[in-house]
$ cat upload_13.pdb   # PDB, C-alpha atoms
ATOM      1  CA  MET J   1     -18.965 -14.776   4.796
ATOM      2  CA  GLU J   2     -18.556 -13.101   1.434
ATOM      3  CA  ILE J   3     -14.769 -12.906   1.500
ATOM      4  CA  GLN J   4     -12.508 -15.525   3.025
ATOM      5  CA  THR J   5      -8.750 -15.835   3.200
ATOM      6  CA  LYS J   6      -6.859 -19.054   2.532
ATOM      7  CA  ASN J   7      -3.430 -17.569   1.896
ATOM      8  CA  ASN J   8      -0.549 -19.899   2.680
ATOM      9  CA  ALA J   9       1.821 -17.052   3.561
ATOM     10  CA  PRO J  10       0.930 -15.975   7.112
ATOM     11  CA  GLY J  11       1.690 -12.351   7.967
ATOM     12  CA  ILE J  12       1.693 -11.230   4.353
ATOM     13  CA  LEU J  13      -1.868  -9.841   4.356
ATOM     14  CA  GLU J  14      -3.357  -6.865   6.155
ATOM     15  CA  GLU J  15      -7.096  -6.323   5.684
ATOM     16  CA  THR J  16      -9.230  -3.319   6.620
ATOM     17  CA  LYS J  17     -13.004  -3.347   6.321
ATOM     18  CA  ILE J  18     -14.099   0.147   5.274
ATOM     19  CA  GLU J  19     -17.799  -0.672   5.547
ATOM     20  CA  ASP J  20     -20.125  -3.460   4.451
ATOM     21  CA  GLY J  21     -19.141  -4.538   0.956
ATOM     22  CA  PHE J  22     -15.948  -2.464   0.846
ATOM     23  CA  TYR J  23     -12.435  -3.628   1.818
ATOM     24  CA  ILE J  24      -8.824  -2.494   1.510
ATOM     25  CA  LEU J  25      -6.217  -5.255   1.384
ATOM     26  CA  LYS J  26      -2.457  -4.897   1.555
ATOM     27  CA  PHE J  27      -0.242  -7.775   0.440
ATOM     28  CA  GLN J  28       3.464  -7.355   1.191
ATOM     29  CA  ASN J  29       5.943 -10.080   0.371
ATOM     30  CA  GLU J  30       9.128  -9.214   2.245
ATOM     31  CA  HIS J  31      10.439 -12.764   1.936
ATOM     32  CA  ASN J  32      13.335 -13.755  -0.315
ATOM     33  CA  GLU J  33      11.157 -16.148  -2.286
ATOM     34  CA  ASN J  34       7.885 -16.046  -4.194
ATOM     35  CA  GLN J  35       4.649 -16.378  -2.251
ATOM     36  CA  ARG J  36       1.222 -17.588  -3.349
ATOM     37  CA  ILE J  37      -2.002 -16.030  -2.034
ATOM     38  CA  ILE J  38      -5.295 -17.917  -2.326
ATOM     39  CA  ARG J  39      -8.447 -16.000  -1.442
ATOM     40  CA  ASP J  40     -12.144 -16.561  -2.064
ATOM     41  CA  ILE J  41     -13.957 -13.616  -3.658
ATOM     42  CA  ASP J  42     -17.455 -14.053  -4.979
ATOM     43  CA  SER J  43     -18.958 -12.667  -8.196
ATOM     44  CA  SER J  44     -20.671  -9.743  -6.478
ATOM     45  CA  TYR J  45     -17.357  -7.928  -6.030
ATOM     46  CA  ILE J  46     -15.346  -5.680  -8.317
ATOM     47  CA  GLN J  47     -11.620  -6.053  -7.729
ATOM     48  CA  PHE J  48      -9.087  -3.236  -8.101
ATOM     49  CA  HIS J  49      -5.447  -4.281  -7.745
ATOM     50  CA  PHE J  50      -2.534  -1.818  -7.599
ATOM     51  CA  CYS J  51       1.061  -3.022  -7.777
ATOM     52  CA  LEU J  52       3.369  -0.562  -6.026
ATOM     53  CA  LYS J  53       6.483  -2.683  -6.022
ATOM     54  CA  GLY J  54       7.851  -5.797  -7.712
ATOM     55  CA  ASN J  55       5.910  -8.070 -10.048
ATOM     56  CA  MET J  56       3.047 -10.509  -9.618
ATOM     57  CA  GLN J  57       0.696 -12.736 -11.567
ATOM     58  CA  PHE J  58      -3.005 -13.499 -11.209
ATOM     59  CA  ASN J  59      -3.945 -17.084 -12.113
ATOM     60  CA  PHE J  60      -7.401 -18.239 -13.230
ATOM     61  CA  ASN J  61      -9.170 -21.534 -13.952
ATOM     62  CA  ASN J  62      -6.701 -23.608 -11.948
ATOM     63  CA  GLY J  63      -3.758 -21.978 -13.673
ATOM     64  CA  SER J  64      -4.994 -22.470 -17.241
ATOM     65  CA  TYR J  65      -4.388 -18.772 -17.923
ATOM     66  CA  SER J  66      -2.920 -15.815 -16.108
ATOM     67  CA  LEU J  67      -2.620 -12.020 -16.128
ATOM     68  CA  PRO J  68       0.652 -10.336 -15.149
ATOM     69  CA  LEU J  69       0.661  -7.242 -12.971
ATOM     70  CA  PRO J  70       3.994  -5.401 -13.083
ATOM     71  CA  GLN J  71       5.127  -2.526 -10.902
ATOM     72  CA  GLU J  72       3.241   0.792 -11.244
ATOM     73  CA  LYS J  73       0.295  -0.906 -12.969
ATOM     74  CA  SER J  74      -3.314  -1.548 -11.948
ATOM     75  CA  LEU J  75      -5.736  -4.330 -12.787
ATOM     76  CA  LEU J  76      -9.544  -4.199 -12.638
ATOM     77  CA  LEU J  77     -11.401  -7.543 -12.537
ATOM     78  CA  TYR J  78     -15.148  -8.079 -12.641
ATOM     79  CA  ASN J  79     -17.194 -11.074 -13.763
ATOM     80  CA  PRO J  80     -20.861 -11.191 -12.681
ATOM     81  CA  GLN J  81     -21.233 -14.688 -14.164
ATOM     82  CA  ARG J  82     -18.754 -16.497 -11.945
ATOM     83  CA  ASN J  83     -16.635 -16.093  -8.820
ATOM     84  CA  LEU J  84     -13.136 -14.763  -9.337
ATOM     85  CA  PRO J  85     -11.083 -16.160  -6.449
ATOM     86  CA  MET J  86      -7.694 -14.554  -5.983
ATOM     87  CA  ASN J  87      -4.885 -16.907  -6.933
ATOM     88  CA  LEU J  88      -1.877 -14.653  -6.801
ATOM     89  CA  ASP J  89       1.835 -15.360  -7.240
ATOM     90  CA  MET J  90       3.942 -12.581  -5.735
ATOM     91  CA  GLU J  91       7.626 -12.232  -6.468
ATOM     92  CA  ALA J  92      10.037 -11.544  -3.613
ATOM     93  CA  ASP J  93      10.060  -7.957  -2.319
ATOM     94  CA  SER J  94       6.710  -6.975  -3.825
ATOM     95  CA  LEU J  95       3.766  -4.909  -2.622
ATOM     96  CA  LEU J  96       0.114  -4.919  -3.685
ATOM     97  CA  VAL J  97      -2.834  -2.815  -2.517
ATOM     98  CA  SER J  98      -6.322  -4.016  -3.474
ATOM     99  CA  LEU J  99      -9.813  -2.557  -3.184
ATOM    100  CA  LEU J 100     -12.766  -4.945  -3.142
ATOM    101  CA  ILE J 101     -16.165  -3.294  -3.520
ATOM    102  CA  SER J 102     -19.548  -4.913  -4.059
ATOM    103  CA  ILE J 103     -21.269  -4.094  -7.348
ATOM    104  CA  LYS J 104     -24.294  -2.924  -5.365
ATOM    105  CA  LYS J 105     -22.265  -0.316  -3.497
ATOM    106  CA  PHE J 106     -20.392   0.608  -6.656
ATOM    107  CA  HIS J 107     -23.654   1.283  -8.522
ATOM    108  CA  LEU J 108     -24.743   3.631  -5.741
ATOM    109  CA  LEU J 109     -21.506   5.595  -6.111
ATOM    110  CA  PHE J 110     -21.748   5.967  -9.876
ATOM    111  CA  SER J 111     -25.478   5.707 -10.551
ATOM    112  CA  LYS J 112     -25.529   9.051 -12.398
ATOM    113  CA  GLU J 113     -22.409   8.283 -14.425
ATOM    114  CA  ALA J 114     -23.304   4.794 -15.666
ATOM    115  CA  ASP J 115     -22.526   5.756 -19.262
ATOM    116  CA  TYR J 116     -19.118   7.032 -18.219
ATOM    117  CA  ILE J 117     -18.048   3.780 -16.505
ATOM    118  CA  PRO J 118     -17.764   1.156 -19.291
ATOM    119  CA  PHE J 119     -19.004  -1.906 -17.417
ATOM    120  CA  LEU J 120     -21.956  -0.093 -15.797
ATOM    121  CA  GLY J 121     -23.773   0.610 -19.048
ATOM    122  CA  GLU J 122     -26.929  -1.345 -19.824
ATOM    123  CA  GLY J 123     -25.257  -3.296 -22.611
ATOM    124  CA  ASN J 124     -22.357  -4.418 -20.429
ATOM    125  CA  ARG J 125     -24.023  -4.919 -17.075
ATOM    126  CA  ASP J 126     -23.865  -8.729 -17.172
ATOM    127  CA  LYS J 127     -20.563  -9.051 -19.006
ATOM    128  CA  LYS J 128     -17.129  -9.685 -17.572
ATOM    129  CA  TYR J 129     -14.713  -6.769 -17.609
ATOM    130  CA  TYR J 130     -10.944  -6.874 -17.211
ATOM    131  CA  THR J 131      -8.598  -3.951 -17.837
ATOM    132  CA  ASP J 132      -5.120  -2.856 -16.885
ATOM    133  CA  ALA J 133      -3.691   0.657 -16.692
ATOM    134  CA  ALA J 134      -0.683   2.597 -15.480
ATOM    135  CA  LEU J 135      -0.781   4.234 -12.057
ATOM    136  CA  SER J 136      -0.965   8.007 -12.287
ATOM    137  CA  PRO J 137       1.291  10.073  -9.994
ATOM    138  CA  SER J 138      -1.706  11.089  -7.853
ATOM    139  CA  MET J 139      -2.809   7.475  -7.466
ATOM    140  CA  SER J 140       0.723   6.527  -6.410
ATOM    141  CA  VAL J 141       0.600   9.235  -3.760
ATOM    142  CA  VAL J 142      -2.670   7.945  -2.287
ATOM    143  CA  LEU J 143      -1.501   4.322  -2.401
ATOM    144  CA  ASN J 144       1.706   5.202  -0.574
ATOM    145  CA  GLN J 145      -0.314   7.114   2.014
ATOM    146  CA  ILE J 146      -2.425   3.994   2.586
ATOM    147  CA  VAL J 147       0.683   1.839   2.991
ATOM    148  CA  ASN J 148       2.694   4.273   5.122
ATOM    149  CA  TYR J 149      -0.011   5.775   7.334
ATOM    150  CA  ASN J 150       1.074   6.799  10.830
ATOM    151  CA  LEU J 151      -2.124   7.538  12.717
ATOM    152  CA  HIS J 152      -3.816   6.752  15.985
ATOM    153  CA  LYS J 153      -5.830   3.535  15.712
ATOM    154  CA  SER J 154      -9.039   5.381  16.540
ATOM    155  CA  ILE J 155      -8.991   7.283  13.237
ATOM    156  CA  LYS J 156      -7.453   4.616  11.002
ATOM    157  CA  PHE J 157     -10.813   3.532   9.555
ATOM    158  CA  LEU J 158     -11.913   7.094   8.818
ATOM    159  CA  TYR J 159      -8.574   7.807   7.128
ATOM    160  CA  PHE J 160      -8.696   4.595   5.077
ATOM    161  CA  LYS J 161     -12.279   5.275   4.053
ATOM    162  CA  GLY J 162     -11.330   8.708   2.746
ATOM    163  CA  LYS J 163      -8.302   7.341   0.897
ATOM    164  CA  ALA J 164     -10.283   4.449  -0.623
ATOM    165  CA  TYR J 165     -12.875   6.820  -2.090
ATOM    166  CA  GLU J 166     -10.131   9.196  -3.219
ATOM    167  CA  LEU J 167      -8.381   6.321  -5.002
ATOM    168  CA  LEU J 168     -11.576   5.311  -6.805
ATOM    169  CA  SER J 169     -12.147   8.925  -7.847
ATOM    170  CA  LEU J 170      -8.647   9.202  -9.285
ATOM    171  CA  TYR J 171      -8.938   5.829 -11.019
ATOM    172  CA  PHE J 172     -12.033   6.923 -12.959
ATOM    173  CA  ASN J 173     -10.980  10.519 -13.486
ATOM    174  CA  LYS J 174     -10.868  11.619 -17.109
ATOM    175  CA  PRO J 175      -7.285  11.693 -18.410
ATOM    176  CA  GLU J 176      -7.466  15.312 -19.536
ATOM    177  CA  ASP J 177      -8.520  16.382 -16.053
ATOM    178  CA  ALA J 178      -6.414  13.971 -14.057
ATOM    179  CA  ASP J 179      -3.902  14.924 -11.414
ATOM    180  CA  THR J 180      -4.188  18.699 -11.745
ATOM    181  CA  GLU J 181      -6.071  19.663  -8.611
ATOM    182  CA  GLN J 182      -4.362  17.903  -5.715
ATOM    183  CA  CYS J 183      -0.797  19.098  -5.708
ATOM    184  CA  PRO J 184       0.822  20.524  -8.865
ATOM    185  CA  PHE J 185       4.259  19.412  -7.683
ATOM    186  CA  LEU J 186       3.195  15.773  -7.581
ATOM    187  CA  VAL J 187       1.796  15.813 -11.105
ATOM    188  CA  ASP J 188       5.387  15.570 -12.309
ATOM    189  CA  GLU J 189       6.248  11.869 -12.335
ATOM    190  CA  GLU J 190       9.946  12.725 -12.240
ATOM    191  CA  ASN J 191       9.498  14.526  -8.923
ATOM    192  CA  VAL J 192       7.546  11.598  -7.498
ATOM    193  CA  LEU J 193      10.372   9.244  -8.497
ATOM    194  CA  LYS J 194      12.907  11.539  -6.802
ATOM    195  CA  ILE J 195      10.901  11.486  -3.560
ATOM    196  CA  LYS J 196      10.719   7.684  -3.723
ATOM    197  CA  LYS J 197      14.484   7.614  -4.254
ATOM    198  CA  ALA J 198      14.895   9.794  -1.143
ATOM    199  CA  LYS J 199      12.965   7.219   0.875
ATOM    200  CA  GLU J 200      15.150   4.397  -0.451
ATOM    201  CA  ILE J 201      18.311   6.351   0.422
ATOM    202  CA  ILE J 202      17.374   7.067   4.036
ATOM    203  CA  ILE J 203      16.282   3.472   4.542
ATOM    204  CA  SER J 204      19.517   2.087   3.094
ATOM    205  CA  LYS J 205      21.545   4.502   5.258
ATOM    206  CA  MET J 206      19.304   4.470   8.338
ATOM    207  CA  ALA J 207      22.211   3.934  10.766
ATOM    208  CA  GLU J 208      23.946   7.061   9.417
ATOM    209  CA  PRO J 209      21.331   8.979   7.407
ATOM    210  CA  PRO J 210      22.247  12.024   5.329
ATOM    211  CA  THR J 211      21.137  15.504   6.350
ATOM    212  CA  LEU J 212      18.158  16.951   4.530
ATOM    213  CA  GLN J 213      20.517  19.227   2.613
ATOM    214  CA  GLU J 214      22.651  16.248   1.546
ATOM    215  CA  LEU J 215      19.554  14.256   0.612
ATOM    216  CA  SER J 216      18.181  17.184  -1.377
ATOM    217  CA  LYS J 217      21.421  17.424  -3.332
ATOM    218  CA  GLU J 218      21.661  13.680  -3.934
ATOM    219  CA  ILE J 219      18.180  13.392  -5.475
ATOM    220  CA  GLY J 220      18.419  16.716  -7.318
ATOM    221  CA  LEU J 221      15.403  18.382  -5.715
ATOM    222  CA  PRO J 222      15.196  21.710  -3.828
ATOM    223  CA  LEU J 223      14.967  21.323  -0.070
ATOM    224  CA  ASN J 224      11.452  22.769   0.240
ATOM    225  CA  LYS J 225      10.142  20.456  -2.489
ATOM    226  CA  LEU J 226      11.785  17.473  -0.816
ATOM    227  CA  LYS J 227      10.097  18.327   2.504
ATOM    228  CA  ASP J 228       6.654  19.067   1.039
ATOM    229  CA  GLY J 229       6.699  16.191  -1.427
ATOM    230  CA  PHE J 230       7.858  13.605   1.109
ATOM    231  CA  LYS J 231       5.109  14.572   3.524
ATOM    232  CA  GLN J 232       2.507  14.465   0.724
ATOM    233  CA  ILE J 233       3.491  10.961  -0.352
ATOM    234  CA  TYR J 234       4.429   9.320   2.944
ATOM    235  CA  GLY J 235       2.229  11.254   5.348
ATOM    236  CA  GLU J 236       4.958  12.599   7.637
ATOM    237  CA  PRO J 237       8.297  14.458   7.522
ATOM    238  CA  VAL J 238      11.464  12.673   6.422
ATOM    239  CA  TYR J 239      12.968  12.027   9.847
ATOM    240  CA  ALA J 240       9.636  11.174  11.481
ATOM    241  CA  PHE J 241       9.188   8.535   8.771
ATOM    242  CA  LEU J 242      12.751   7.294   9.333
ATOM    243  CA  PHE J 243      12.225   7.080  13.101
ATOM    244  CA  ASP J 244       9.108   4.929  12.662
ATOM    245  CA  TYR J 245      10.928   2.748  10.133
ATOM    246  CA  LYS J 246      13.946   2.268  12.421
ATOM    247  CA  MET J 247      11.761   1.349  15.359
ATOM    248  CA  GLU J 248       9.865  -1.228  13.305
ATOM    249  CA  VAL J 249      13.157  -2.745  12.112
ATOM    250  CA  ALA J 250      14.366  -2.807  15.721
ATOM    251  CA  ARG J 251      11.166  -4.514  16.864
ATOM    252  CA  GLN J 252      11.554  -7.216  14.207
ATOM    253  CA  LEU J 253      15.234  -7.773  15.051
ATOM    254  CA  LEU J 254      14.427  -8.121  18.749
ATOM    255  CA  ALA J 255      11.589 -10.524  17.976
ATOM    256  CA  SER J 256      13.946 -12.698  15.912
ATOM    257  CA  GLY J 257      15.971 -13.475  19.050
ATOM    258  CA  THR J 258      19.208 -13.229  17.069
ATOM    259  CA  TYR J 259      20.520  -9.968  18.525
ATOM    260  CA  ASN J 260      20.713  -8.409  21.967
ATOM    261  CA  VAL J 261      19.483  -4.896  22.786
ATOM    262  CA  ASN J 262      22.884  -3.231  22.263
ATOM    263  CA  GLU J 263      23.381  -4.908  18.880
ATOM    264  CA  VAL J 264      19.924  -3.913  17.664
ATOM    265  CA  GLY J 265      20.475  -0.327  18.776
ATOM    266  CA  LEU J 266      23.720  -0.140  16.800
ATOM    267  CA  LYS J 267      22.110  -1.648  13.705
ATOM    268  CA  VAL J 268      19.452   1.058  13.581
ATOM    269  CA  GLY J 269      21.854   3.902  14.315
ATOM    270  CA  TYR J 270      22.032   4.445  18.083
ATOM    271  CA  SER J 271      25.576   4.664  19.440
ATOM    272  CA  THR J 272      24.435   4.266  23.050
ATOM    273  CA  SER J 273      21.947   1.738  24.377
ATOM    274  CA  SER J 274      20.310   4.363  26.616
ATOM    275  CA  HIS J 275      19.326   6.480  23.607
ATOM    276  CA  PHE J 276      17.978   3.421  21.813
ATOM    277  CA  ILE J 277      15.970   2.282  24.856
ATOM    278  CA  ALA J 278      14.459   5.766  25.234
ATOM    279  CA  ALA J 279      13.517   5.867  21.531
ATOM    280  CA  PHE J 280      12.005   2.388  21.613
ATOM    281  CA  LYS J 281       9.957   3.225  24.706
ATOM    282  CA  LYS J 282       8.738   6.452  23.078
ATOM    283  CA  LYS J 283       7.481   4.477  20.095
ATOM    284  CA  PHE J 284       6.090   1.335  21.727
ATOM    285  CA  GLY J 285       5.499   2.332  25.361
ATOM    286  CA  THR J 286       7.831  -0.322  26.735
ATOM    287  CA  THR J 287      11.557  -1.016  26.888
ATOM    288  CA  PRO J 288      13.243  -3.408  24.437
ATOM    289  CA  LYS J 289      14.023  -5.840  27.269
ATOM    290  CA  LYS J 290      10.402  -5.962  28.454
ATOM    291  CA  TYR J 291       9.223  -6.330  24.865
ATOM    292  CA  VAL J 292      11.420  -9.406  24.406
ATOM    293  CA  MET J 293      10.331 -10.858  27.732
ATOM    294  CA  ASN J 294       6.659 -10.507  26.768
ATOM    295  CA  LEU J 295       7.275 -12.502  23.598
ATOM    296  CA  SER J 296       8.156 -15.648  25.512
TER     297      SER J 296
END
$ encode --input "upload_13.pdb" --output "structure tokens"
Amino acid sequence: MEIQTKNNAPGILEETKIEDGFYILKFQNEHNENQRIIRDIDSSYIQFHFCLKGNMQFNFNNGSYSLPLPQEKSLLLYNPQRNLPMNLDMEADSLLVSLLISIKKFHLLFSKEADYIPFLGEGNRDKKYYTDAALSPSMSVVLNQIVNYNLHKSIKFLYFKGKAYELLSLYFNKPEDADTEQCPFLVDEENVLKIKKAKEIIISKMAEPPTLQELSKEIGLPLNKLKDGFKQIYGEPVYAFLFDYKMEVARQLLASGTYNVNEVGLKVGYSTSSHFIAAFKKKFGTTPKKYVMNLS
């Protein structure tokens, strides 16, 4: 097994194998305290780490030195001379997406551009290579699409494969050409930040969310740009995203055993239990009561 997990924070990691030698990993620390992730990764892999939220720190040589990774930054790690196991400290409320790709597969992707990729050149082929960089707006869009996908399971791997290759393409795109082809609206970092603010607002007010017109006014973005931009970044319209979010919150509250069905419905914005039960069944194919019963 080339890659093995030893993380001591169960439930924090979601892994998707794109194909042999190519993985997407999502690390989400929703706890109120720091979490440490320990993971074996051998020297044949290049590691790309993208911090979407919070702050984290990569530790090496049993903690003798470390590299910080703050929000909206990326980190590339490669050392053909020795394994680089992941020893990661994640702050509370943080989110990391990582790509792990074998050097063999990576060479096949960029064989004709070896001079363009610094660590693929003949003089650097056996040298370690570490670099950090800011996330471009287009990279942030793709990363958020990976995190917030809402697709049938049968096409998840195809979707992730496309997004993984898109992310690599954007990462190595030349700065002067970057971010101009996909969606001109999303090139503007200010607009991207406004869309992210819109998501935070509807989540914080999920029980009584604003109308699209009110949301548009609050973030200072025209209604059509709010609609188009939100769907570009999060993969679905505003209220479809909010519905999925509310149902996931409801599922977690029910699973906690702390609240009854009526209380959970009220917390996520349903004034009547019948409406909440119908919504929950639409999302998960079962009623809240049956879901709780199946947990025991």
$ resolve_selection --input "upload_13.pdb" --expression "the PyMOL selection byres ((chain J and resi 90) around 12)" --output "PyMOL selection string"
chain J and resi 7+9+12-13+27-38+51+53-59+68-71+86-89+91-96
$ atom_distance --input "upload_13.pdb" --atom1 "CA of Pro288 (chain J)" --atom2 "CA of Ala250 (chain J)"
8.8 Å
$ resolve_selection --input "upload_13.pdb" --expression "the PyMOL selection byres ((chain J and resi 156-165) around 8)" --output "list in words"
Thr16, Lys17, Ile18, Ile24, Leu99, Val142, Ile146, Leu151, His152, Lys153, Ser154, Ile155, Glu166, Leu167, Leu168 and Ser169 of chain J
$ atom_distance --input "upload_13.pdb" --atom1 "CA of Gly265 (chain J)" --atom2 "CA of Lys227 (chain J)"
26.8 Å
$ atom_distance --input "upload_13.pdb" --atom1 "CA of Pro222 (chain J)" --atom2 "CA of Asn191 (chain J)"
10.5 Å
